[in-house]
Amino acid sequence: MLSQALSPARSALIRADGRPVEWRVTPRRTDYAEAEAEMEARVADIRAGEATERVWLLEHPPLYTAGVSARPEDLIDARFPVHKTGRGGQFTYHGPGQRVAYVMLDLDQRGRDIRGFVRGLERWIIGALAEFGIEGEVKDGRVGVWVTRKGPGWSREDKIAAIGVKVRKWVSFHGISLNVEPDLDHFGGIVPCGIREHGVTSLHDLGVLASMDEVDAALKSSFEREFGSTVAG
C-alpha cells in the first residue's frame with residue numbers, strides 16, 4: 001500500500017510545495033553530446049530559479065560513457081564512440097532498446113541528502129520493475145539494480161539498470177538507464193561499471209516483452225510514488 005511505501009526517508013524526497021516535475025519523453029535517438037549540453041543548460045536554469053525540475057526519457061545511438069572513476073583497462077573494445085563525462089561511476093553502455101532517464105532535480109528542496117537521493121533512484125527502478133513481476137535488488141558494494149536468476153543447480157546475478165549521477169549546487173543531473181531490449185552483446189566492449197564477475201540482462205532477456213511505452217508508464221508511476229507529481233513537458 002502507498003501509505004506503507006512512503007517511509008520518512010522516502011517522503012523527504014517529495015517537495016514540500018508539491019511543485020510537479022516536468023516529464024519529457026523524446027522519441028528519437030538523441031546524440032549524447034547534445035543531451036549533455038541540454039542537461040547543463042537546464043541545471044543552470046533550475047539553480048537560478050528560471051526553470052522547473054525535469055526528468056528526460058530518451059534513447060541514444062550505441063555508445064560508451066566513461067564516468068569519473070573509469071579505468072582505462074575496462075575499455076576492452078572501443079567499437080562505439082566513447083564519451084568522457086562528469087557523472088559518478090565507471091564505464092557504461094547506452095544504445096537502442098535501453099531507456100535512459102536524465103534526472104534534473106533540486107535537492108535543496110528535497111532534503112539535501114545525496115545518499116538518500118540515490119536510494120530513492122534505486123527504489124524508483126525497483127518499483128517500476130515490480131509492475132512487470134521482476135524483483136529488482138540492490139547489492140552491497142555495487143551500484144545499480146540487479147536481478148537474481150536461478151535454474152537447476154545454478155544461480156547468478158545480472159545487472160538490469162545502471163545509476164550514475166552528478167550533483168552541482170544541489171541540482172542533480174545524469175541519472176539512470178534501464179535495459180528494456182538492447183543488444184546485450186554491445187556490453188562486451190567494456191567491463192560494465194567495473195564489475196567483471198557478473199553479467200547484464202534486460203526485460204526481454206528475462207522473458208518480459210514490454211514495449212518502451214509500457215516501461216515509460218511504469219517508470220512514471222513509480223517515480224511519482226518516490227518523488228511526487230509530474231506534468232507532461
# chains A, B, ... in the order shown; residues from 1 in each chain; ligands from 1
>>> residues_around(residues="range 56-61 of chain A", least_positions_apart="5", cutoff="7 Å", atoms="only C-alpha atoms", output="list in words")
Trp23, Arg24, Val25, Thr26, Pro27, Arg29, Thr30, Asp31, Tyr32, His94, Gly95, Pro96, Gln98, Arg99, Val100, Ala101, Tyr102 and Val103 of chain A
>>> residues_around(residues="range 153-167 of chain A", least_positions_apart="5", cutoff="6 Å", atoms="only C-alpha atoms", output="PyMOL selection string")
chain A and resi 87-89+144-148+172-179+198-202
>>> write_last_selection(atoms="N, CA and C atoms", output="PDB file, in the first residue's frame")
ATOM      1  N   ARG A  87      29.762  12.431 -14.686  1.00  0.00           N
ATOM      2  CA  ARG A  87      28.922  11.707 -13.721  1.00  0.00           C
ATOM      3  C   ARG A  87      29.764  10.754 -12.893  1.00  0.00           C
ATOM      4  N   GLY A  88      29.209  10.286 -11.791  1.00  0.00           N
ATOM      5  CA  GLY A  88      29.890   9.285 -10.999  1.00  0.00           C
ATOM      6  C   GLY A  88      29.887   7.936 -11.705  1.00  0.00           C
ATOM      7  N   GLY A  89      30.776   7.052 -11.264  1.00  0.00           N
ATOM      8  CA  GLY A  89      30.800   5.702 -11.807  1.00  0.00           C
ATOM      9  C   GLY A  89      31.891   5.469 -12.829  1.00  0.00           C
ATOM     10  N   GLY A 144      23.594   0.318  -8.822  1.00  0.00           N
ATOM     11  CA  GLY A 144      22.606  -0.109  -9.789  1.00  0.00           C
ATOM     12  C   GLY A 144      21.602  -1.069  -9.199  1.00  0.00           C
ATOM     13  N   VAL A 145      20.805  -1.656 -10.085  1.00  0.00           N
ATOM     14  CA  VAL A 145      19.764  -2.597  -9.680  1.00  0.00           C
ATOM     15  C   VAL A 145      20.016  -3.927 -10.383  1.00  0.00           C
ATOM     16  N   TRP A 146      19.849  -5.014  -9.636  1.00  0.00           N
ATOM     17  CA  TRP A 146      20.227  -6.354 -10.071  1.00  0.00           C
ATOM     18  C   TRP A 146      19.045  -7.299  -9.968  1.00  0.00           C
ATOM     19  N   VAL A 147      19.127  -8.392 -10.729  1.00  0.00           N
ATOM     20  CA  VAL A 147      18.156  -9.470 -10.589  1.00  0.00           C
ATOM     21  C   VAL A 147      18.932 -10.770 -10.377  1.00  0.00           C
ATOM     22  N   THR A 148      18.367 -11.634  -9.555  1.00  0.00           N
ATOM     23  CA  THR A 148      18.959 -12.953  -9.322  1.00  0.00           C
ATOM     24  C   THR A 148      18.249 -13.959 -10.214  1.00  0.00           C
ATOM     25  N   SER A 172      20.667  17.910  -9.340  1.00  0.00           N
ATOM     26  CA  SER A 172      21.161  16.649  -9.891  1.00  0.00           C
ATOM     27  C   SER A 172      21.069  16.637 -11.415  1.00  0.00           C
ATOM     28  N   PHE A 173      21.932  15.843 -12.041  1.00  0.00           N
ATOM     29  CA  PHE A 173      21.761  15.524 -13.450  1.00  0.00           C
ATOM     30  C   PHE A 173      22.450  14.205 -13.755  1.00  0.00           C
ATOM     31  N   HIS A 174      22.426  13.811 -15.054  1.00  0.00           N
ATOM     32  CA  HIS A 174      22.627  12.419 -15.460  1.00  0.00           C
ATOM     33  C   HIS A 174      21.517  11.603 -14.778  1.00  0.00           C
ATOM     34  N   GLY A 175      21.689  10.319 -14.514  1.00  0.00           N
ATOM     35  CA  GLY A 175      20.561   9.599 -13.944  1.00  0.00           C
ATOM     36  C   GLY A 175      20.661   8.096 -14.030  1.00  0.00           C
ATOM     37  N   ILE A 176      19.689   7.468 -14.727  1.00  0.00           N
ATOM     38  CA  ILE A 176      19.589   6.010 -14.732  1.00  0.00           C
ATOM     39  C   ILE A 176      19.479   5.493 -16.165  1.00  0.00           C
ATOM     40  N   SER A 177      19.776   4.219 -16.337  1.00  0.00           N
ATOM     41  CA  SER A 177      19.485   3.541 -17.606  1.00  0.00           C
ATOM     42  C   SER A 177      18.933   2.166 -17.286  1.00  0.00           C
ATOM     43  N   LEU A 178      17.824   1.822 -17.928  1.00  0.00           N
ATOM     44  CA  LEU A 178      17.132   0.559 -17.703  1.00  0.00           C
ATOM     45  C   LEU A 178      17.125  -0.232 -19.004  1.00  0.00           C
ATOM     46  N   ASN A 179      17.609  -1.461 -18.945  1.00  0.00           N
ATOM     47  CA  ASN A 179      17.689  -2.293 -20.132  1.00  0.00           C
ATOM     48  C   ASN A 179      16.332  -2.911 -20.447  1.00  0.00           C
ATOM     49  N   HIS A 198      29.998 -10.438 -12.849  1.00  0.00           N
ATOM     50  CA  HIS A 198      28.560 -10.544 -13.051  1.00  0.00           C
ATOM     51  C   HIS A 198      28.192 -10.054 -14.445  1.00  0.00           C
ATOM     52  N   GLY A 199      27.011 -10.449 -14.912  1.00  0.00           N
ATOM     53  CA  GLY A 199      26.584 -10.102 -16.248  1.00  0.00           C
ATOM     54  C   GLY A 199      25.533  -9.010 -16.272  1.00  0.00           C
ATOM     55  N   VAL A 200      24.948  -8.828 -17.469  1.00  0.00           N
ATOM     56  CA  VAL A 200      23.865  -7.859 -17.648  1.00  0.00           C
ATOM     57  C   VAL A 200      22.665  -8.588 -18.231  1.00  0.00           C
ATOM     58  N   THR A 201      21.495  -8.015 -18.014  1.00  0.00           N
ATOM     59  CA  THR A 201      20.270  -8.587 -18.539  1.00  0.00           C
ATOM     60  C   THR A 201      19.327  -7.463 -18.923  1.00  0.00           C
ATOM     61  N   SER A 202      18.150  -7.823 -19.398  1.00  0.00           N
ATOM     62  CA  SER A 202      17.132  -6.855 -19.808  1.00  0.00           C
ATOM     63  C   SER A 202      15.761  -7.445 -19.553  1.00  0.00           C
TER      64      SER A 202
END
>>> select_by_dssp(residues="range 3-208 of chain A", states="alpha helix (DSSP H)", output="PyMOL selection string")
chain A and resi 3-5+8-11+32-47+114-130
>>> write_last_selection(atoms="C-alpha atoms", output="PDB file, in the first residue's frame")
ATOM      1  CA  SER A   3       0.845   4.608   2.890  1.00  0.00           C
ATOM      2  CA  GLN A   4       3.242   1.845   3.857  1.00  0.00           C
ATOM      3  CA  ALA A   5       5.670   2.560   0.998  1.00  0.00           C
ATOM      4  CA  PRO A   8      10.003   9.060   6.416  1.00  0.00           C
ATOM      5  CA  ALA A   9      13.184   8.676   4.343  1.00  0.00           C
ATOM      6  CA  ARG A  10      11.186   8.493   1.157  1.00  0.00           C
ATOM      7  CA  SER A  11       8.789  11.336   1.918  1.00  0.00           C
ATOM      8  CA  TYR A  32      24.964  12.159 -26.358  1.00  0.00           C
ATOM      9  CA  ALA A  33      26.810  15.478 -26.599  1.00  0.00           C
ATOM     10  CA  GLU A  34      23.539  17.215 -27.477  1.00  0.00           C
ATOM     11  CA  ALA A  35      21.834  15.686 -24.455  1.00  0.00           C
ATOM     12  CA  GLU A  36      24.674  16.600 -22.121  1.00  0.00           C
ATOM     13  CA  ALA A  37      24.659  20.219 -23.317  1.00  0.00           C
ATOM     14  CA  GLU A  38      20.912  20.457 -22.806  1.00  0.00           C
ATOM     15  CA  MET A  39      21.237  18.987 -19.315  1.00  0.00           C
ATOM     16  CA  GLU A  40      23.940  21.503 -18.418  1.00  0.00           C
ATOM     17  CA  ALA A  41      21.736  24.393 -19.536  1.00  0.00           C
ATOM     18  CA  ARG A  42      18.704  23.093 -17.696  1.00  0.00           C
ATOM     19  CA  VAL A  43      20.628  22.527 -14.463  1.00  0.00           C
ATOM     20  CA  ALA A  44      21.856  26.122 -14.563  1.00  0.00           C
ATOM     21  CA  ASP A  45      18.315  27.384 -15.118  1.00  0.00           C
ATOM     22  CA  ILE A  46      16.926  25.263 -12.281  1.00  0.00           C
ATOM     23  CA  ARG A  47      19.604  26.566  -9.947  1.00  0.00           C
ATOM     24  CA  ILE A 114      22.648  12.738  -1.771  1.00  0.00           C
ATOM     25  CA  ARG A 115      22.789   9.221  -0.377  1.00  0.00           C
ATOM     26  CA  GLY A 116      19.046   9.323   0.265  1.00  0.00           C
ATOM     27  CA  PHE A 117      18.549  10.590  -3.295  1.00  0.00           C
ATOM     28  CA  VAL A 118      20.451   7.623  -4.734  1.00  0.00           C
ATOM     29  CA  ARG A 119      18.415   5.249  -2.562  1.00  0.00           C
ATOM     30  CA  GLY A 120      15.328   6.913  -3.989  1.00  0.00           C
ATOM     31  CA  LEU A 121      16.554   6.279  -7.534  1.00  0.00           C
ATOM     32  CA  GLU A 122      17.050   2.616  -6.632  1.00  0.00           C
ATOM     33  CA  ARG A 123      13.527   2.354  -5.219  1.00  0.00           C
ATOM     34  CA  TRP A 124      12.172   4.094  -8.320  1.00  0.00           C
ATOM     35  CA  ILE A 125      13.676   1.445 -10.593  1.00  0.00           C
ATOM     36  CA  ILE A 126      12.712  -1.442  -8.303  1.00  0.00           C
ATOM     37  CA  GLY A 127       9.138  -0.167  -8.153  1.00  0.00           C
ATOM     38  CA  ALA A 128       8.917   0.035 -11.947  1.00  0.00           C
ATOM     39  CA  LEU A 129      10.317  -3.479 -12.368  1.00  0.00           C
ATOM     40  CA  ALA A 130       7.807  -4.814  -9.856  1.00  0.00           C
TER      41      ALA A 130
END
>>> closest_atom_pairs(of="range 130-205 of chain A", to="range 68-86 of chain A", cutoff="7 Å", atoms="only C-alpha atoms", output="CSV")
residue,atom,partner,partner_atom,distance
A:Lys166,CA,A:Gly86,CA,6.9
A:Gly189,CA,A:Asp77,CA,4.3
A:Ile190,CA,A:Leu75,CA,4.6
A:Val191,CA,A:Asp74,CA,5.0
A:Gly194,CA,A:Asp74,CA,6.5
>>> select_by_dssp(residues="range 68-104 of chain A", states="strand (DSSP E)", output="list in words")
Val82, His83, Lys84, Phe91, Thr92, Tyr93, His94, Gln98, Arg99, Val100, Ala101, Tyr102, Val103 and Met104 of chain A
>>> write_last_selection(atoms="C-alpha atoms", output="mmCIF file, in the first residue's frame")
data_model
loop_
_atom_site.group_PDB
_atom_site.id
_atom_site.type_symbol
_atom_site.label_atom_id
_atom_site.label_comp_id
_atom_site.auth_asym_id
_atom_site.auth_seq_id
_atom_site.Cartn_x
_atom_site.Cartn_y
_atom_site.Cartn_z
ATOM 1 C CA VAL A 82 33.438 6.792 -26.096
ATOM 2 C CA HIS A 83 32.289 9.898 -24.216
ATOM 3 C CA LYS A 84 34.038 11.127 -21.085
ATOM 4 C CA PHE A 91 32.139 2.652 -17.954
ATOM 5 C CA THR A 92 28.619 2.023 -19.129
ATOM 6 C CA TYR A 93 26.861 1.396 -22.411
ATOM 7 C CA HIS A 94 23.909 3.266 -23.890
ATOM 8 C CA GLN A 98 17.639 0.979 -23.409
ATOM 9 C CA ARG A 99 15.596 3.605 -21.596
ATOM 10 C CA VAL A 100 17.791 6.409 -20.328
ATOM 11 C CA ALA A 101 16.244 8.815 -17.821
ATOM 12 C CA TYR A 102 18.121 12.006 -17.020
ATOM 13 C CA VAL A 103 17.016 13.346 -13.650
ATOM 14 C CA MET A 104 17.345 17.070 -13.001
#
>>> closest_residue(among="A:Glu53, A:Asp216, A:Asp185, A:Glu135", to="Leu105 in chain A", atoms="only C-alpha atoms")
A:Glu53
>>> residues_around(residues="range 12-15 of chain A", least_positions_apart="5", cutoff="9 Å", atoms="only C-alpha atoms", output="ChimeraX atom specification")
/A:7,20,107,109-113,116-117,120,224-229
>>> atom_distance(atom1="CA of Leu219 in chain A", atom2="CA of Glu131 in chain A")
9.3 Å
>>> atom_distance(atom1="CA of Thr52 in chain A", atom2="CA of Asp106 in chain A")
8.8 Å
>>> atom_distance(atom1="CA of Gly151 in chain A", atom2="CA of His186 in chain A")
25.1 Å
>>> decode(residues="range 110-201 of chain A", atoms="C-alpha atoms", output="compact mmCIF listing (two decimals), in the first residue's frame")
# COMPACT_ATOMS: atom_id res chain seq x y z
CA ARG A 110 14.27 17.50 -1.37
CA GLY A 111 16.19 17.07 1.86
CA ARG A 112 19.80 17.79 0.78
CA ASP A 113 20.69 14.12 1.18
CA ILE A 114 22.65 12.74 -1.77
CA ARG A 115 22.79 9.22 -0.38
CA GLY A 116 19.05 9.32 0.27
CA PHE A 117 18.55 10.59 -3.30
CA VAL A 118 20.45 7.62 -4.73
CA ARG A 119 18.42 5.25 -2.56
CA GLY A 120 15.33 6.91 -3.99
CA LEU A 121 16.55 6.28 -7.53
CA GLU A 122 17.05 2.62 -6.63
CA ARG A 123 13.53 2.35 -5.22
CA TRP A 124 12.17 4.09 -8.32
CA ILE A 125 13.68 1.44 -10.59
CA ILE A 126 12.71 -1.44 -8.30
CA GLY A 127 9.14 -0.17 -8.15
CA ALA A 128 8.92 0.03 -11.95
CA LEU A 129 10.32 -3.48 -12.37
CA ALA A 130 7.81 -4.81 -9.86
CA GLU A 131 4.99 -3.79 -12.20
CA PHE A 132 6.29 -6.45 -14.59
CA GLY A 133 6.75 -9.09 -11.91
CA ILE A 134 10.53 -8.63 -11.77
CA GLU A 135 12.21 -8.49 -8.36
CA GLY A 136 14.96 -5.89 -8.52
CA GLU A 137 17.61 -5.81 -5.82
CA VAL A 138 20.45 -3.63 -4.61
CA LYS A 139 23.72 -5.23 -3.59
CA ASP A 140 26.27 -4.01 -1.07
CA GLY A 141 29.30 -2.55 -2.80
CA ARG A 142 27.61 -2.46 -6.23
CA VAL A 143 25.81 0.45 -7.85
CA GLY A 144 22.61 -0.11 -9.79
CA VAL A 145 19.76 -2.60 -9.68
CA TRP A 146 20.23 -6.35 -10.07
CA VAL A 147 18.16 -9.47 -10.59
CA THR A 148 18.96 -12.95 -9.32
CA ARG A 149 18.49 -15.69 -11.90
CA LYS A 150 18.19 -19.32 -10.89
CA GLY A 151 17.97 -22.71 -12.54
CA PRO A 152 18.58 -26.33 -11.60
CA GLY A 153 21.91 -26.25 -9.80
CA TRP A 154 22.85 -22.69 -10.73
CA SER A 155 22.29 -19.08 -9.69
CA ARG A 156 23.69 -15.80 -10.94
CA GLU A 157 23.17 -12.07 -10.50
CA ASP A 158 22.78 -9.83 -13.54
CA LYS A 159 22.52 -6.06 -13.73
CA ILE A 160 19.37 -4.67 -15.30
CA ALA A 161 19.74 -0.96 -14.53
CA ALA A 162 22.64 1.42 -14.00
CA ILE A 163 22.79 4.60 -11.93
CA GLY A 164 25.27 7.40 -12.49
CA VAL A 165 24.56 10.90 -11.21
CA LYS A 166 26.23 14.22 -10.65
CA VAL A 167 25.11 16.95 -8.28
CA ARG A 168 26.07 20.60 -8.76
CA LYS A 169 25.00 23.16 -6.18
CA TRP A 170 22.32 20.69 -5.04
CA VAL A 171 20.85 20.18 -8.52
CA SER A 172 21.16 16.65 -9.89
CA PHE A 173 21.76 15.52 -13.45
CA HIS A 174 22.63 12.42 -15.46
CA GLY A 175 20.56 9.60 -13.94
CA ILE A 176 19.59 6.01 -14.73
CA SER A 177 19.48 3.54 -17.61
CA LEU A 178 17.13 0.56 -17.70
CA ASN A 179 17.69 -2.29 -20.13
CA VAL A 180 14.45 -3.00 -21.97
CA GLU A 181 15.61 -4.75 -25.15
CA PRO A 182 19.13 -3.57 -26.03
CA ASP A 183 21.64 -5.77 -27.86
CA LEU A 184 23.36 -7.24 -24.82
CA ASP A 185 26.40 -8.14 -26.93
CA HIS A 186 27.17 -4.42 -27.09
CA PHE A 187 28.11 -4.51 -23.40
CA GLY A 188 31.02 -6.79 -24.35
CA GLY A 189 33.24 -3.85 -25.32
CA ILE A 190 33.53 -2.73 -21.69
CA VAL A 191 33.59 -4.04 -18.16
CA PRO A 192 30.22 -2.55 -17.16
CA CYS A 193 30.66 -0.39 -14.06
CA GLY A 194 33.99 -2.14 -13.41
CA ILE A 195 32.32 -5.39 -12.33
CA ARG A 196 33.79 -8.42 -14.07
CA GLU A 197 32.20 -11.29 -12.18
CA HIS A 198 28.56 -10.54 -13.05
CA GLY A 199 26.58 -10.10 -16.25
CA VAL A 200 23.87 -7.86 -17.65
CA THR A 201 20.27 -8.59 -18.54
